[in-house]
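Asker: Here you go, one structure.
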Amino acid sequence: MQMFGGILLVAILFTVVALGSQYWRTAEDLDTSRRTAEGFLALIEGLYAYRANNVSQWPTSFSNLTPYLPLLQIDSGDPMQAGANGEGGRYTLAIAGGNVTLATTVSTESHAQAVIREFGSNGTYAAVSNGFQLSVVAPAPGGITLMQQTLLTDGTNKMHRPLWLQNTVTIGTPCTTTGMAVNATGDLMKCDGGAWQPH
């Protein structure tokens, strides 16, 4: 009977240790996934801040984000790699036309799934030789007019960017607006009395 009690006690202890180990591992995995997702989000915020201050242009490398993410550790040999995910891997910046993609690699599929779940259709992952590569597309901001992107103000209506007029007009030609334009040589013109006149 004592032997049975001893075996039962050992079995209970083993079960408690196994469950505790599984709980600790699950909590650690969740923290790792959270740090990786937060890394993606911080980089995306930096990309958007850069874009807002550079007339809707994406940066050309992570080094452009230094004013916006001063603690970002950029790879000295490759400015397209920076930061670290929850497992210590680097994030990579890829720019193709108007598309910007951030990527990093993690070791387990469950980690990849947990991170990508945060980004919906903008995130994907695929198996690679050293684990799973996560890719997150930073979509161009929607619902922002060209004027809102270029005429940034500080609340006092002071412009912080030059105003570029793309419409070219000729002195004396009829006009029906009260707007501004430029002539072929770049002189500022105004619509005055129904015709374009020098300003």
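Chains: A, B, ... in order of the structure tokens. Residues: from 1 per chain. Ligands: from 1, in order shown.
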If you count only C-alpha atoms, which residues fall within 7 Å of segment 42-59 of chain A, apart from same-chain ones fewer than 2 positions away, as a compact mmCIF listing (two decimals) with N, CA, C and O atoms, in the first residue's frame?

Answerer:
```txt
# COMPACT_ATOMS: atom_id res chain seq x y z
N GLU A 38 4.69 43.80 -31.72
CA GLU A 38 4.93 45.19 -31.33
C GLU A 38 6.08 45.80 -32.12
O GLU A 38 6.07 46.99 -32.44
N GLY A 39 7.08 44.98 -32.46
CA GLY A 39 8.17 45.46 -33.30
C GLY A 39 7.67 45.87 -34.67
O GLY A 39 8.03 46.94 -35.19
N PHE A 40 6.83 45.03 -35.27
CA PHE A 40 6.23 45.39 -36.57
C PHE A 40 5.46 46.70 -36.45
O PHE A 40 5.59 47.58 -37.30
N SER A 61 15.44 53.46 -46.67
CA SER A 61 16.09 52.48 -45.78
C SER A 61 15.67 52.79 -44.35
O SER A 61 15.07 53.83 -44.07
N ASN A 64 16.52 56.23 -42.62
CA ASN A 64 15.65 57.40 -42.73
C ASN A 64 14.72 57.55 -41.53
O ASN A 64 14.16 58.62 -41.31
N LEU A 65 14.53 56.47 -40.77
CA LEU A 65 13.59 56.50 -39.65
C LEU A 65 14.22 56.97 -38.34
O LEU A 65 13.53 57.07 -37.33
N TYR A 68 12.46 59.47 -36.18
CA TYR A 68 11.16 59.04 -35.69
C TYR A 68 11.27 57.88 -34.71
O TYR A 68 10.42 57.73 -33.83
N LEU A 69 12.30 57.06 -34.87
CA LEU A 69 12.55 55.92 -33.98
C LEU A 69 14.01 55.98 -33.55
O LEU A 69 14.85 55.19 -34.01
N ALA A 138 2.93 47.29 -45.29
CA ALA A 138 2.49 48.56 -44.72
C ALA A 138 1.68 49.27 -45.80
O ALA A 138 2.25 49.82 -46.73
N GLN A 149 -2.05 65.68 -47.28
CA GLN A 149 -0.72 65.10 -47.24
C GLN A 149 0.37 66.12 -47.47
O GLN A 149 1.48 65.97 -47.00
N THR A 150 0.08 67.18 -48.21
CA THR A 150 1.13 68.13 -48.58
C THR A 150 1.07 69.45 -47.83
O THR A 150 2.09 70.07 -47.60
```

Asker: Between atom CA of Gln81 of chain A and atom CA of Ala114 of chain A, what is the distance in Å, rounded to a tenth?

Answerer: 22.5 Å

Asker: Which of these residues is nearest to Asn167 of chain A, using only C-alpha atoms: A:Asn122, A:Ala140, A:Trp196, A:Ala37?

Answerer: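 Closest candidate: A:Trp196.
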
Asker: If we count only C-alpha atoms and set the cut-off at 12 Å, which residues sit around Gly193 of chain A, ignoring sequence neighbours fewer than 2 positions away in its own chain? Please answer as a compact mmCIF listing (two decimals) with N, CA and C atoms, in the first residue's frame.

Answerer:
```txt
# COMPACT_ATOMS: atom_id res chain seq x y z
N GLY A 172 -3.67 86.49 -70.07
CA GLY A 172 -4.76 86.97 -70.90
C GLY A 172 -5.79 85.92 -71.28
N THR A 173 -5.48 84.64 -71.08
CA THR A 173 -6.49 83.64 -71.44
C THR A 173 -7.63 83.68 -70.43
N PRO A 174 -8.85 83.35 -70.88
CA PRO A 174 -10.01 83.43 -69.98
C PRO A 174 -9.89 82.46 -68.80
N CYS A 175 -10.47 82.86 -67.68
CA CYS A 175 -10.55 81.99 -66.51
C CYS A 175 -11.87 82.25 -65.80
N THR A 176 -12.34 81.26 -65.10
CA THR A 176 -13.63 81.40 -64.42
C THR A 176 -13.50 81.14 -62.92
N THR A 177 -12.27 81.02 -62.43
CA THR A 177 -12.08 80.73 -61.01
C THR A 177 -11.43 81.93 -60.33
N THR A 178 -11.15 81.79 -59.08
CA THR A 178 -10.40 82.82 -58.35
C THR A 178 -9.09 82.22 -57.85
N GLY A 179 -8.58 81.22 -58.57
CA GLY A 179 -7.40 80.50 -58.11
C GLY A 179 -6.08 81.09 -58.57
N LYS A 190 -2.66 84.93 -61.37
CA LYS A 190 -3.93 84.89 -60.66
C LYS A 190 -5.05 85.15 -61.65
N CYS A 191 -6.21 84.60 -61.32
CA CYS A 191 -7.39 84.82 -62.14
C CYS A 191 -8.03 86.13 -61.67
N ALA A 195 -9.66 86.83 -66.56
CA ALA A 195 -8.49 86.46 -67.36
C ALA A 195 -7.30 86.25 -66.44
N TRP A 196 -6.35 85.40 -66.89
CA TRP A 196 -5.14 85.16 -66.10
C TRP A 196 -4.20 86.34 -66.21
N GLN A 197 -3.78 86.84 -65.04
CA GLN A 197 -2.90 88.02 -64.96
C GLN A 197 -1.70 87.71 -64.06
```

Asker: Which of segment 61-98 of chain A end up as helix (DSSP H, G or I) when DSSP is run on this backbone - answer as a ChimeraX atom specification?

Answerer: /A:62-65
